[in-house]
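File shown: upload-v6.cif (mmCIF, C-alpha atoms).
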data_my_file
loop_
_atom_site.label_atom_id
_atom_site.label_comp_id
_atom_site.auth_asym_id
_atom_site.auth_seq_id
_atom_site.Cartn_x
_atom_site.Cartn_y
_atom_site.Cartn_z
CA MET A 1 47.22 -126.67 45.09
CA GLN A 2 43.75 -125.74 46.36
CA ASN A 3 42.96 -123.55 49.25
CA LYS A 4 44.91 -120.87 50.98
CA ASN A 5 45.29 -122.62 54.32
CA ARG A 6 46.68 -125.70 52.63
CA ILE A 7 49.29 -123.59 50.86
CA LYS A 8 50.24 -121.78 54.04
CA SER A 9 50.66 -125.06 55.83
CA ALA A 10 52.87 -126.24 52.98
CA PHE A 11 55.02 -123.14 53.37
CA GLU A 12 55.39 -123.87 57.07
CA SER A 13 56.54 -127.41 56.37
CA MET A 14 58.97 -126.21 53.73
CA MET A 15 60.50 -123.60 56.02
CA PHE A 16 60.78 -126.18 58.79
CA VAL A 17 62.67 -128.67 56.65
CA PHE A 18 64.78 -126.13 54.80
CA GLY A 19 66.31 -124.24 57.72
CA ASP A 20 67.94 -121.51 55.65
CA PRO A 21 65.79 -118.59 54.53
CA LEU A 22 63.38 -119.95 51.92
CA ASP A 23 63.00 -117.95 48.73
CA VAL A 24 59.44 -116.80 48.03
CA LYS A 25 60.00 -117.63 44.36
CA THR A 26 60.83 -121.25 45.18
CA ALA A 27 57.87 -121.57 47.51
CA ALA A 28 55.50 -119.95 45.00
CA ALA A 29 56.64 -122.28 42.22
CA ALA A 30 56.18 -125.33 44.46
CA ALA A 31 52.66 -124.29 45.41
CA GLY A 32 51.81 -123.22 41.88
CA VAL A 33 50.78 -119.71 42.82
CA GLU A 34 51.94 -116.25 41.84
CA ARG A 35 54.84 -114.76 43.68
CA LYS A 36 52.70 -111.92 44.99
CA GLU A 37 50.17 -114.34 46.36
CA ALA A 38 52.85 -116.45 48.04
CA GLU A 39 54.35 -113.34 49.57
CA ALA A 40 50.97 -112.36 51.00
CA TYR A 41 50.64 -115.81 52.59
CA PHE A 42 54.07 -115.57 54.12
CA HIS A 43 53.20 -112.18 55.56
CA GLU A 44 50.05 -113.67 57.03
CA LEU A 45 52.15 -116.39 58.62
CA VAL A 46 54.50 -113.78 60.09
CA LYS A 47 51.51 -112.02 61.62
CA GLU A 48 49.83 -115.18 62.86
CA TYR A 49 52.88 -116.44 64.71
CA GLU A 50 53.40 -113.04 66.21
CA GLU A 51 49.79 -112.57 67.29
CA ALA A 52 49.58 -116.04 68.75
CA GLY A 53 52.71 -115.25 70.77
CA ARG A 54 54.50 -118.36 69.58
CA GLY A 55 58.05 -119.22 70.58
CA ILE A 56 58.85 -119.65 66.93
CA ARG A 57 58.48 -116.72 64.62
CA VAL A 58 58.68 -116.27 60.88
CA ARG A 59 61.35 -113.85 59.82
CA GLU A 60 61.50 -112.04 56.51
CA THR A 61 64.92 -111.32 55.15
CA GLY A 62 65.72 -110.22 51.62
CA GLY A 63 62.62 -111.75 49.98
CA LYS A 64 63.09 -114.97 51.91
CA PHE A 65 61.43 -116.39 54.98
CA GLN A 66 62.63 -118.63 57.77
CA PHE A 67 61.69 -119.81 61.23
CA VAL A 68 63.62 -118.22 64.09
CA SER A 69 63.24 -118.43 67.82
CA TYR A 70 61.42 -115.63 69.61
CA GLU A 71 64.09 -113.21 70.77
CA GLU A 72 62.71 -112.87 74.31
CA ASN A 73 63.22 -116.60 74.84
CA PHE A 74 66.96 -116.34 74.40
CA ASP A 75 67.65 -116.86 78.10
CA TYR A 76 65.57 -120.05 78.16
CA ILE A 77 67.46 -121.38 75.17
CA ARG A 78 70.68 -120.56 76.92
CA SER A 79 69.66 -122.73 79.86
CA ILE A 80 69.61 -125.86 77.69
CA CYS A 81 72.63 -125.05 75.53
CA THR A 82 75.19 -122.34 75.14
CA PRO A 83 74.84 -120.63 71.79
CA ALA A 84 78.36 -120.11 70.48
CA LYS A 85 79.67 -116.81 71.69
CA GLU A 86 80.12 -114.70 68.65
CA ARG A 87 83.04 -112.42 68.08
CA ARG A 88 81.70 -108.97 67.65
CA LEU A 89 82.67 -107.08 64.56
CA SER A 90 85.50 -104.66 65.09
CA GLN A 91 84.93 -100.92 64.93
CA ALA A 92 86.75 -100.84 61.59
CA ALA A 93 84.61 -103.66 60.21
CA LEU A 94 81.42 -101.92 61.31
CA GLU A 95 82.53 -98.68 59.65
CA VAL A 96 83.29 -100.38 56.35
CA LEU A 97 80.07 -102.34 56.56
CA ALA A 98 78.08 -99.17 57.19
CA ILE A 99 79.64 -97.45 54.19
CA ALA A 100 79.04 -100.50 52.01
CA ALA A 101 75.45 -100.78 53.22
CA TYR A 102 74.39 -97.16 52.79
CA LYS A 103 76.39 -96.30 49.68
CA GLN A 104 76.33 -99.55 47.74
CA PRO A 105 77.64 -100.31 45.26
CA VAL A 106 80.82 -98.67 46.43
CA THR A 107 84.49 -98.98 45.44
CA LYS A 108 87.34 -99.61 47.82
CA SER A 109 88.81 -96.17 47.21
CA GLU A 110 85.48 -94.53 48.11
CA ILE A 111 85.48 -96.48 51.36
CA ASP A 112 89.11 -95.49 51.99
CA ALA A 113 88.34 -91.84 51.30
CA ILE A 114 85.49 -91.72 53.81
CA ARG A 115 87.45 -93.48 56.53
CA GLY A 116 90.71 -91.71 55.75
CA ILE A 117 92.57 -95.00 55.95
CA LYS A 118 93.11 -98.08 53.81
CA SER A 119 90.48 -100.72 54.30
CA ASP A 120 91.79 -103.66 52.22
CA ARG A 121 92.15 -106.09 55.11
CA VAL A 122 88.80 -105.18 56.59
CA ILE A 123 87.07 -105.62 53.24
CA GLU A 124 88.69 -109.03 52.81
CA GLY A 125 87.50 -110.04 56.25
CA LEU A 126 83.94 -108.96 55.55
CA ILE A 127 83.95 -110.84 52.24
CA ALA A 128 85.18 -113.93 54.08
CA LYS A 129 82.32 -113.50 56.55
CA GLU A 130 79.97 -113.21 53.55
CA LEU A 131 78.61 -109.90 54.77
CA ILE A 132 79.72 -108.03 51.67
CA GLU A 133 80.38 -109.25 48.16
CA ASP A 134 81.86 -108.28 44.85
CA ARG A 135 79.28 -106.53 42.69
CA GLY A 136 81.12 -106.29 39.42
CA ARG A 137 83.23 -103.39 38.20
CA SER A 138 82.80 -99.66 38.16
CA ASN A 139 83.28 -97.83 34.88
CA ALA A 140 85.76 -95.47 36.53
CA ILE A 141 89.43 -95.50 35.52
CA GLY A 142 91.02 -98.84 36.34
CA ARG A 143 87.58 -100.45 36.55
CA PRO A 144 87.73 -100.91 40.32
CA ALA A 145 85.64 -103.59 42.01
CA LEU A 146 82.30 -102.58 43.48
CA TYR A 147 81.11 -103.89 46.81
CA GLY A 148 77.65 -104.33 48.24
CA THR A 149 75.99 -106.17 51.10
CA THR A 150 74.79 -109.77 50.89
CA GLY A 151 71.64 -111.62 51.86
CA LYS A 152 73.53 -112.84 54.89
CA PHE A 153 74.06 -109.22 55.88
CA LEU A 154 70.28 -108.80 56.11
CA THR A 155 69.87 -111.92 58.26
CA TYR A 156 72.84 -110.97 60.41
CA PHE A 157 71.24 -107.65 61.27
CA ASP A 158 67.68 -109.00 61.17
CA LEU A 159 66.56 -106.70 58.36
CA LYS A 160 63.70 -107.30 55.94
CA ASP A 161 65.50 -105.35 53.25
CA LEU A 162 67.93 -102.47 52.90
CA GLY A 163 65.06 -100.03 53.41
CA GLU A 164 65.04 -101.18 57.04
CA LEU A 165 68.58 -99.96 57.68
CA PRO A 166 68.68 -97.61 60.65
CA GLN A 167 67.90 -94.18 59.27
CA LEU A 168 70.77 -91.76 59.09
CA ASP A 169 68.73 -88.66 59.56
CA ASP A 170 70.56 -85.40 59.35
CA GLU A 171 68.82 -84.00 62.39
CA GLU A 172 70.42 -86.64 64.53
CA LEU A 173 73.75 -85.91 62.90
CA GLU A 174 73.32 -82.23 63.69
CA ASP A 175 72.61 -83.14 67.30
CA ALA A 176 75.75 -85.22 67.42
CA ILE A 177 77.83 -82.40 66.03
CA ARG A 178 76.26 -79.76 68.25
CA SER A 179 77.26 -81.76 71.26
CA PHE A 180 80.87 -81.18 70.27
CA GLY A 181 80.58 -77.53 71.17
CA GLU A 182 79.45 -74.19 69.88
CA PRO A 183 81.46 -72.21 67.37
CA GLY A 184 83.92 -69.83 68.92
CA GLU A 185 85.00 -71.79 71.97
CA ASP A 186 88.70 -72.32 71.84
CA GLU A 187 89.96 -73.17 75.32
CA PRO A 188 90.50 -76.91 75.12
CA PRO A 189 90.23 -79.00 78.26
CA THR A 190 93.35 -80.98 78.95
CA ALA A 191 91.78 -84.32 79.68
CA ILE A 192 93.74 -87.49 79.18
CA PRO A 193 92.47 -89.32 76.10
CA GLY A 194 90.11 -92.19 76.73
CA GLN A 195 92.20 -95.30 76.89
CA THR A 196 91.53 -98.93 76.28
CA THR A 197 93.42 -101.64 78.07
CA LEU A 198 94.73 -104.60 76.19
CA ASP A 199 96.12 -107.66 77.88
CA ILE A 200 98.73 -109.31 75.74
CA MET B 1 104.00 -113.37 82.35
CA SER B 2 101.63 -110.94 80.76
CA TYR B 3 102.19 -107.34 79.76
CA THR B 4 99.54 -104.73 79.95
CA ILE B 5 99.77 -102.18 77.23
CA ARG B 6 97.64 -99.09 77.31
CA LEU B 7 96.99 -97.47 74.03
CA ASN B 8 94.52 -95.18 72.41
CA LYS B 9 93.02 -97.07 69.58
CA PHE B 10 91.87 -95.01 66.67
CA GLU B 11 90.50 -96.46 63.49
CA GLY B 12 92.31 -93.90 61.38
CA PRO B 13 93.36 -90.27 61.21
CA PHE B 14 89.76 -89.04 60.93
CA ASP B 15 88.80 -91.04 63.98
CA LEU B 16 91.60 -89.39 65.92
CA LEU B 17 90.82 -85.92 64.64
CA VAL B 18 87.11 -86.22 65.38
CA TYR B 19 87.99 -87.44 68.85
CA LEU B 20 90.26 -84.43 69.44
CA ILE B 21 87.67 -81.97 68.17
CA GLU B 22 85.01 -83.57 70.32
CA ARG B 23 87.25 -83.52 73.37
CA ALA B 24 88.07 -79.87 72.80
CA GLU B 25 84.33 -79.18 72.54
CA MET B 26 84.90 -77.35 69.30
CA SER B 27 82.36 -76.88 66.59
CA ILE B 28 83.10 -78.99 63.59
CA TYR B 29 82.13 -75.98 61.45
CA ASP B 30 84.72 -73.81 63.15
CA ILE B 31 87.73 -75.98 63.87
CA GLN B 32 90.51 -74.14 65.68
CA ILE B 33 93.15 -75.40 63.34
CA SER B 34 96.22 -74.31 65.30
CA ILE B 35 95.05 -75.92 68.55
CA ILE B 36 93.90 -79.10 66.88
CA THR B 37 97.05 -79.39 64.78
CA ARG B 38 99.20 -79.15 67.91
CA GLN B 39 97.15 -81.79 69.69
CA TYR B 40 97.14 -84.02 66.65
CA LEU B 41 100.92 -83.85 66.27
CA ASP B 42 101.37 -84.41 70.02
CA HIS B 43 99.28 -87.51 69.75
CA ILE B 44 101.24 -88.89 66.84
CA ARG B 45 104.46 -88.23 68.73
CA ARG B 46 103.03 -90.14 71.69
CA MET B 47 102.11 -93.04 69.44
CA GLU B 48 105.66 -93.14 68.12
CA GLU B 49 107.11 -93.04 71.64
CA ASN B 50 104.95 -96.02 72.52
CA ASP B 51 106.19 -97.87 69.47
CA VAL B 52 102.83 -97.82 67.79
CA ALA B 53 103.33 -98.00 64.06
CA VAL B 54 101.97 -94.73 62.74
CA GLY B 55 100.42 -95.31 59.35
CA SER B 56 101.21 -93.03 56.46
CA GLU B 57 97.55 -91.95 56.46
CA PHE B 58 98.13 -90.25 59.81
CA MET B 59 101.05 -88.37 58.30
CA VAL B 60 98.99 -87.25 55.31
CA LEU B 61 96.40 -85.68 57.59
CA ALA B 62 99.17 -84.09 59.65
CA ALA B 63 100.47 -82.46 56.48
CA THR B 64 96.97 -81.33 55.55
CA LEU B 65 96.52 -79.75 58.98
CA ILE B 66 99.84 -77.93 58.81
CA ASP B 67 98.94 -76.69 55.33
CA LEU B 68 95.59 -75.44 56.64
CA LYS B 69 97.26 -73.78 59.59
CA SER B 70 99.44 -71.72 57.28
CA LYS B 71 96.50 -70.83 55.04
CA MET B 72 94.53 -69.68 58.07
CA LEU B 73 97.22 -67.05 58.72
CA LEU B 74 96.72 -65.47 55.34
CA PRO B 75 93.99 -62.92 54.72
CA ARG B 76 91.10 -64.64 52.99
CA MET B 77 90.23 -62.59 49.96
CA THR B 78 89.60 -63.22 46.33
CA ILE B 79 91.22 -61.08 43.67
CA GLU B 80 87.94 -59.19 43.35
CA GLY B 81 88.11 -58.36 47.05
CA GLY B 82 85.18 -60.52 48.13
CA PRO B 83 85.46 -63.10 50.93
CA ALA B 84 87.10 -66.34 49.74
CA GLU B 85 86.02 -69.81 50.63
CA ASP B 86 87.04 -71.04 54.05
CA PRO B 87 90.09 -73.29 53.54
CA ARG B 88 88.68 -75.63 56.18
CA THR B 89 85.53 -76.42 54.20
CA ASP B 90 86.96 -79.49 52.50
CA LEU B 91 88.20 -80.99 55.76
CA THR B 92 84.92 -80.21 57.50
CA GLN B 93 82.97 -81.96 54.75
CA LYS B 94 85.16 -85.02 55.01
CA LEU B 95 84.84 -85.15 58.77
CA LEU B 96 81.07 -84.76 58.56
CA GLU B 97 80.90 -87.65 56.15
CA TYR B 98 83.08 -89.73 58.43
CA ILE B 99 81.00 -88.92 61.54
CA ARG B 100 77.90 -89.87 59.58
CA PHE B 101 79.21 -93.36 58.93
CA LYS B 102 80.69 -93.72 62.37
CA LYS B 103 77.20 -93.17 63.70
CA ALA B 104 75.81 -95.59 61.14
CA ALA B 105 78.36 -98.14 62.32
CA SER B 106 77.21 -97.90 65.91
CA ALA B 107 73.58 -98.06 64.76
CA LEU B 108 74.42 -101.31 62.98
CA GLU B 109 76.14 -102.63 66.08
CA GLU B 110 73.01 -101.91 68.12
CA GLN B 111 70.90 -103.58 65.47
CA ARG B 112 73.07 -106.69 65.71
CA ASP B 113 72.73 -106.72 69.47
CA PHE B 114 68.99 -107.23 69.01
CA ALA B 115 69.34 -109.65 66.11
CA ARG B 116 71.59 -111.88 68.22
CA TYR B 117 68.61 -113.04 70.28
CA LYS B 118 66.77 -114.55 67.34
CA LEU B 119 68.24 -117.96 66.74
CA GLU B 120 67.86 -119.80 63.48
CA LYS B 121 68.40 -123.35 62.42
CA PRO B 122 71.35 -123.89 60.16
CA GLN B 123 70.60 -125.11 56.65
CA GLU B 124 69.39 -128.67 56.97
CA ASP B 125 71.25 -131.46 55.24
CA LEU B 126 68.69 -132.18 52.55
CA LEU B 127 70.62 -134.97 50.82
CA PRO B 128 68.50 -137.75 52.28
CA TYR B 129 65.47 -136.08 50.64
CA THR B 130 66.87 -134.74 47.42
CA GLY B 131 70.15 -136.41 46.55
CA GLU B 132 70.69 -139.62 44.63
CA PRO B 133 69.19 -142.44 46.64
CA ASP B 134 71.88 -144.62 48.07
CA VAL B 135 73.17 -147.04 45.44
CA TYR B 136 72.85 -150.07 47.71
CA LEU B 137 69.18 -149.40 48.19
CA ARG B 138 68.63 -149.65 44.45
CA MET B 139 70.29 -153.05 44.21
CA ASP B 140 68.12 -156.05 43.34
CA MET B 141 69.00 -159.67 44.08
CA ASP B 142 70.87 -160.23 40.80
CA HIS B 143 73.06 -157.20 41.41
CA PHE B 144 73.70 -158.42 44.89
CA ILE B 145 74.67 -161.93 43.74
CA ASP B 146 76.96 -160.49 41.05
CA ALA B 147 78.62 -158.27 43.61
CA PHE B 148 79.15 -161.19 45.95
CA LYS B 149 80.56 -163.37 43.16
CA MET B 150 82.90 -160.57 42.21
CA PHE B 151 84.03 -160.37 45.80
CA ILE B 152 84.69 -164.12 46.00
CA HIS B 153 86.47 -164.03 42.65
CA ARG B 154 88.78 -161.26 43.84
CA LYS B 155 89.40 -163.11 47.06
CA ILE B 156 90.45 -166.30 45.22
CA LYS B 157 92.67 -164.33 42.86
CA SER B 158 94.46 -162.57 45.66
CA ASP B 159 94.93 -165.83 47.57
CA GLU B 160 96.46 -167.41 44.47
CA LEU B 161 98.73 -164.47 44.06
CA ARG B 162 99.90 -164.76 47.63
CA ARG B 163 100.66 -168.45 47.14
CA MET B 164 102.72 -167.69 44.01
CA GLN B 165 104.70 -165.15 45.94
CA SER B 166 105.65 -167.75 48.55
CA HIS B 167 106.84 -170.08 45.76
CA ILE B 168 109.07 -167.41 44.33
CA GLU B 169 110.81 -166.87 47.61
CA ARG B 170 113.97 -168.90 47.94
CA GLU B 171 116.41 -169.45 50.68
CA ARG B 172 119.24 -167.03 50.53
CA VAL B 173 122.80 -167.59 51.59
CA SER B 174 123.83 -165.29 54.37
CA LEU B 175 127.11 -163.42 54.32
CA GLU B 176 128.26 -165.24 57.47
CA SER B 177 127.69 -168.70 56.03
CA LYS B 178 129.49 -167.66 52.83
CA VAL B 179 132.48 -166.44 54.85
CA SER B 180 132.76 -169.70 56.76
CA PHE B 181 132.33 -171.62 53.48
CA ILE B 182 135.27 -169.69 51.94
CA HIS B 183 137.39 -170.30 55.07
CA LYS B 184 136.78 -174.01 54.89
CA LEU B 185 137.39 -174.19 51.17
CA LEU B 186 140.68 -172.24 51.31
CA ARG B 187 142.05 -174.21 54.25
CA GLY B 188 141.57 -177.40 52.27
CA ALA B 189 142.97 -175.94 49.05
CA LYS B 190 146.48 -176.34 47.73
CA ASN B 191 148.62 -173.44 48.97
CA ARG B 192 145.43 -172.15 50.55
CA LEU B 193 144.79 -170.57 47.16
CA ALA B 194 141.62 -170.38 45.07
CA ARG B 195 140.04 -168.52 42.24
CA PHE B 196 136.86 -166.47 42.65
CA SER B 197 134.93 -168.81 40.39
CA ASP B 198 135.82 -171.72 42.72
CA LEU B 199 134.12 -169.96 45.57
CA LEU B 200 130.74 -169.70 43.86
CA SER B 201 127.95 -172.19 44.51
CA LYS B 202 127.09 -174.76 41.92
CA ASN B 203 123.84 -173.05 40.89
CA THR B 204 125.25 -169.59 41.09
CA ASP B 205 123.26 -166.49 40.34
CA ARG B 206 123.78 -162.79 40.60
CA TYR B 207 122.90 -162.79 44.28
CA ASP B 208 125.43 -165.55 45.03
CA LYS B 209 128.16 -163.69 43.17
CA VAL B 210 127.47 -160.48 45.03
CA VAL B 211 127.48 -162.23 48.43
CA THR B 212 130.70 -164.01 47.55
CA PHE B 213 132.34 -160.79 46.45
CA ILE B 214 131.25 -158.99 49.62
CA ALA B 215 132.49 -161.92 51.70
CA ILE B 216 135.93 -161.56 50.07
CA LEU B 217 136.01 -157.84 50.68
CA ASP B 218 134.99 -158.38 54.28
CA MET B 219 137.65 -161.03 54.87
CA ALA B 220 140.33 -158.92 53.17
CA ARG B 221 139.38 -156.02 55.40
CA LYS B 222 139.93 -158.22 58.46
CA GLY B 223 143.27 -159.35 57.05
CA GLU B 224 142.10 -162.96 56.70
CA LEU B 225 142.91 -163.23 53.02
CA HIS B 226 144.78 -161.60 50.20
CA ALA B 227 142.98 -160.91 46.98
CA ALA B 228 144.73 -160.18 43.72
CA GLN B 229 143.58 -159.47 40.20
CA GLN B 230 145.88 -159.30 37.17
CA GLY B 231 143.72 -156.88 35.26
CA ASN B 232 140.18 -155.69 34.65
CA PHE B 233 137.67 -158.54 34.39
CA LYS B 234 140.43 -161.09 35.06
CA GLU B 235 139.91 -163.83 37.56
CA ILE B 236 140.35 -162.76 41.20
CA GLU B 237 142.73 -164.99 43.10
CA VAL B 238 142.39 -165.26 46.84
CA ARG B 239 144.79 -166.74 49.38
CA LEU B 240 144.16 -167.31 53.03
CA THR B 241 146.75 -165.46 55.12
CA GLU B 242 149.04 -167.30 57.53
CA GLY B 243 147.48 -167.80 60.91
CA ALA B 244 143.97 -166.99 59.76
CA ASP B 245 142.37 -170.26 60.71
#
Serialized structure, structure tokens:
Amino acid sequence: MQNKNRIKSAFESMMFVFGDPLDVKTAAAAAGVERKEAEAYFHELVKEYEEAGRGIRVRETGGKFQFVSYEENFDYIRSICTPAKERRLSQAALEVLAIAAYKQPVTKSEIDAIRGIKSDRVIEGLIAKELIEDRGRSNAIGRPALYGTTGKFLTYFDLKDLGELPQLDDEELEDAIRSFGEPGEDEPPTAIPGQTTLDI
Amino acid sequence: MSYTIRLNKFEGPFDLLVYLIERAEMSIYDIQISIITRQYLDHIRRMEENDVAVGSEFMVLAATLIDLKSKMLLPRMTIEGGPAEDPRTDLTQKLLEYIRFKKAASALEEQRDFARYKLEKPQEDLLPYTGEPDVYLRMDMDHFIDAFKMFIHRKIKSDELRRMQSHIERERVSLESKVSFIHKLLRGAKNRLARFSDLLSKNTDRYDKVVTFIAILDMARKGELHAAQQGNFKEIEVRLTEGAD
């Protein structure tokens, strides 16, 4: 294929028809250009849509690109249809997901050890949701299964790659811990524990 | 009728312990083990009272806390006389690690809250573009004629078959008509007596024999005839009873 604009327009058409995130490799092969070159074009497209303030944007996720609606237009979209209300992930699921994301590949027993509780069911649920996946076996005794996050995980959280995970900086952690109290205080307040109400 | 149940939901023993430490405004580096242990055990007791299944993991941490509590009472010294390691260090490290990921979890949740507003199209059904073109579209006139001939051929065959089936069907003697036939025959017979073979139709077959036999059984049951047989496979003799006309 000849010039750059022609290739970029081809990429747009391909993303439009494909729907799912389109692999740069696939796109590069179709256009007969190097992967690096294709990636550069995709990045240009991302920028162009953004700078032109379009209602459709190009999203990068795990080395793939796809069209998504501009997030600030969500309310307009909702006026013509009701996007299915999603069930939020449970606290337990988020914890396991966080451990899997930051420590991958990780075994079930490592996850259990950090959380202090068995996570079998939660892991199964996350696998079913395709947010984490089996990543082979560890060489530890018993050759336990290793888990890591999937491509869908990146799309689900709108991340380019794992490098975009929210940073867990230690300073912030220190702040969180300091807010608990200073060493030496020992008179505990006798507040009633925070309660949640469940209707059954 | 709905019940409202109030419960403290903790994701595990660490979650509970971190909550208690936070509530007590304690430093995680200087956990007041005896206070926290008491609160922790109180909480577990409360869970049990409310019929919340307390997982074994909660019990393990309870044991760890009690163990720590006892160790805290002992003077902390090594054999050489120097200060020994704080027995709480291991627990503190674990809790720090847990808090770290608890924070990461809520960071992820926030991240998702933003991601939710970007909508994507589901994977398109690409079959019309990539899959095998529909077989009918590939069909030329000859194929079409062959297919139609095949259809006609099958139709004729199945019609023929249906006609054959109607030929095979034959009129069957009903039990009722057989019973009245036997009645009539016996009334006209000498001593109102007859043998089984006399009761059969001229062109008898298995079906006729079975119906005849059932007719006899039915009549015998109603007391309309007596049936007798001298031995196995011998001829059955039937006699119409008195008054059964």
Write out as JSON lines a residue-level contact list of range 51-84 of chain A versus range 29-38 of chain A with cut-off 12 Å: for each qualifying residue the closest pair of atoms and the distance in Å to one decimal, counting only C-alpha atoms, rows sorted by chain and residue number upward.
{"residue": "A:Gly63", "atom": "CA", "partner": "A:Arg35", "partner_atom": "CA", "distance": 10.5}
{"residue": "A:Lys64", "atom": "CA", "partner": "A:Ala38", "partner_atom": "CA", "distance": 11.0}
{"residue": "A:Phe65", "atom": "CA", "partner": "A:Ala38", "partner_atom": "CA", "distance": 11.0}
Write a file of the just-selected residues containing C-alpha atoms, as a short mmCIF file (atom, residue, chain, number, x, y, z; two decimals), in the coordinates of the input.
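That gives us out_15.cif:
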data_model
loop_
_atom_site.label_atom_id
_atom_site.label_comp_id
_atom_site.auth_asym_id
_atom_site.auth_seq_id
_atom_site.Cartn_x
_atom_site.Cartn_y
_atom_site.Cartn_z
CA GLY A 63 62.62 -111.75 49.98
CA LYS A 64 63.09 -114.97 51.91
CA PHE A 65 61.43 -116.39 54.98
#
May I have the residues of chain B within 7 Å of chain A, counting all atoms listed in the file, written as an mmCIF file with C-alpha atoms, keeping the file's coordinate frame?
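File produced: iface.cif:
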data_model
loop_
_atom_site.group_PDB
_atom_site.id
_atom_site.type_symbol
_atom_site.label_atom_id
_atom_site.label_comp_id
_atom_site.auth_asym_id
_atom_site.auth_seq_id
_atom_site.Cartn_x
_atom_site.Cartn_y
_atom_site.Cartn_z
ATOM 1 C CA SER B 2 101.630 -110.940 80.760
ATOM 2 C CA TYR B 3 102.190 -107.340 79.760
ATOM 3 C CA THR B 4 99.540 -104.730 79.950
ATOM 4 C CA ILE B 5 99.770 -102.180 77.230
ATOM 5 C CA ARG B 6 97.640 -99.090 77.310
ATOM 6 C CA LEU B 7 96.990 -97.470 74.030
ATOM 7 C CA ASN B 8 94.520 -95.180 72.410
ATOM 8 C CA GLU B 11 90.500 -96.460 63.490
ATOM 9 C CA GLY B 12 92.310 -93.900 61.380
ATOM 10 C CA PRO B 13 93.360 -90.270 61.210
ATOM 11 C CA PHE B 14 89.760 -89.040 60.930
ATOM 12 C CA GLU B 22 85.010 -83.570 70.320
ATOM 13 C CA ALA B 24 88.070 -79.870 72.800
ATOM 14 C CA GLU B 25 84.330 -79.180 72.540
ATOM 15 C CA MET B 26 84.900 -77.350 69.300
ATOM 16 C CA SER B 27 82.360 -76.880 66.590
ATOM 17 C CA ILE B 28 83.100 -78.990 63.590
ATOM 18 C CA ASP B 30 84.720 -73.810 63.150
ATOM 19 C CA GLN B 32 90.510 -74.140 65.680
ATOM 20 C CA GLU B 57 97.550 -91.950 56.460
ATOM 21 C CA LYS B 94 85.160 -85.020 55.010
ATOM 22 C CA GLU B 97 80.900 -87.650 56.150
ATOM 23 C CA TYR B 98 83.080 -89.730 58.430
ATOM 24 C CA ARG B 100 77.900 -89.870 59.580
ATOM 25 C CA PHE B 101 79.210 -93.360 58.930
ATOM 26 C CA LYS B 102 80.690 -93.720 62.370
ATOM 27 C CA ALA B 104 75.810 -95.590 61.140
ATOM 28 C CA ALA B 105 78.360 -98.140 62.320
ATOM 29 C CA ALA B 107 73.580 -98.060 64.760
ATOM 30 C CA GLN B 111 70.900 -103.580 65.470
ATOM 31 C CA ARG B 112 73.070 -106.690 65.710
ATOM 32 C CA ALA B 115 69.340 -109.650 66.110
ATOM 33 C CA TYR B 117 68.610 -113.040 70.280
ATOM 34 C CA LYS B 118 66.770 -114.550 67.340
ATOM 35 C CA LEU B 119 68.240 -117.960 66.740
ATOM 36 C CA GLU B 120 67.860 -119.800 63.480
ATOM 37 C CA LYS B 121 68.400 -123.350 62.420
ATOM 38 C CA PRO B 122 71.350 -123.890 60.160
ATOM 39 C CA GLN B 123 70.600 -125.110 56.650
ATOM 40 C CA GLU B 124 69.390 -128.670 56.970
#
Practice task
Could you tell me which residues the PyMOL selection byres ((chain B and resi 201) around 12) returns for this structure, as a ChimeraX atom specification?
Solution key: /B:172-173,178,181-182,185,196-200,202-212
Handout entry: Pairwise distance for CA of Thr61 in chain A and CA of Asn5 in chain A, rounded to one decimal in Å
Key =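 Separating CA of Thr61 in chain A from CA of Asn5 in chain A is a distance of 22.7 Å.
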Problem - Nearest to Arg239 in chain B, chosen from B:Met47, B:Ala189, B:Ala215, B:Ile152, with all atoms listed in the file counted in the distances - result: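 Going through B:Met47, B:Ala189, B:Ala215, B:Ile152 one by one, the smallest distance to Arg239 in chain B is for B:Ala189.
For the atom pair formed by CA of Leu154 in chain A and CA of Gly55 in chain A, the distance is 21.6 Å, given to one decimal.
Candidate residues B:Ile36, B:Leu108, B:Glu176, B:Ile216 were compared for distance to Phe153 in chain A, and the nearest is B:Leu108, using only C-alpha atoms.
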Practice task
Please measure the separation of CA of Gln104 in chain A and CA of Leu146 in chain A, giving the value in Å to one decimal.
Solution key: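 Between CA of Gln104 in chain A and CA of Leu146 in chain A the gap works out to 7.9 Å.
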Problem - Protein and nucleic acid residues near (53.8, -125.1, 48.0) (cut-off 12 Å, all atoms listed in the file) as an NGL selection string - result: :A and (1-15 or 22-35 or 37-39 or 41-42)
Handout entry: Nearest residue to Ala62 in chain B from the set B:Tyr19, B:Phe151, B:Phe10, B:Tyr40 (distances using all atoms listed in the file)
Key =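 Smallest separation from Ala62 in chain B among the options: B:Tyr40.
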Exercise for the section: I need the residue set behind the PyMOL selection byres ((chain B and resi 88) around 10) for this file; please write it as a list in words. Expected result: Ile28, Tyr29, Asp30, Ile31, Gln32, Ile33, Leu65, Leu68, Lys69, Lys71, Met72, Glu85, Asp86, Pro87, Thr89, Asp90, Leu91, Thr92 and Gln93 of chain B
Fill in the blank from the handout: Of B:Leu240, B:Ile156, B:Ile66, B:Ile21, the one nearest to Asn191 in chain B when counting all atoms listed in the file is B:Leu240
Practice task
Taking the file as shown, find all residues satisfying the PyMOL selection byres ((chain A and resi 150) around 10) and write them as an MDAnalysis selection string.
Solution key: chainID A and resid 62 101 127 130:135 147:149 151:156
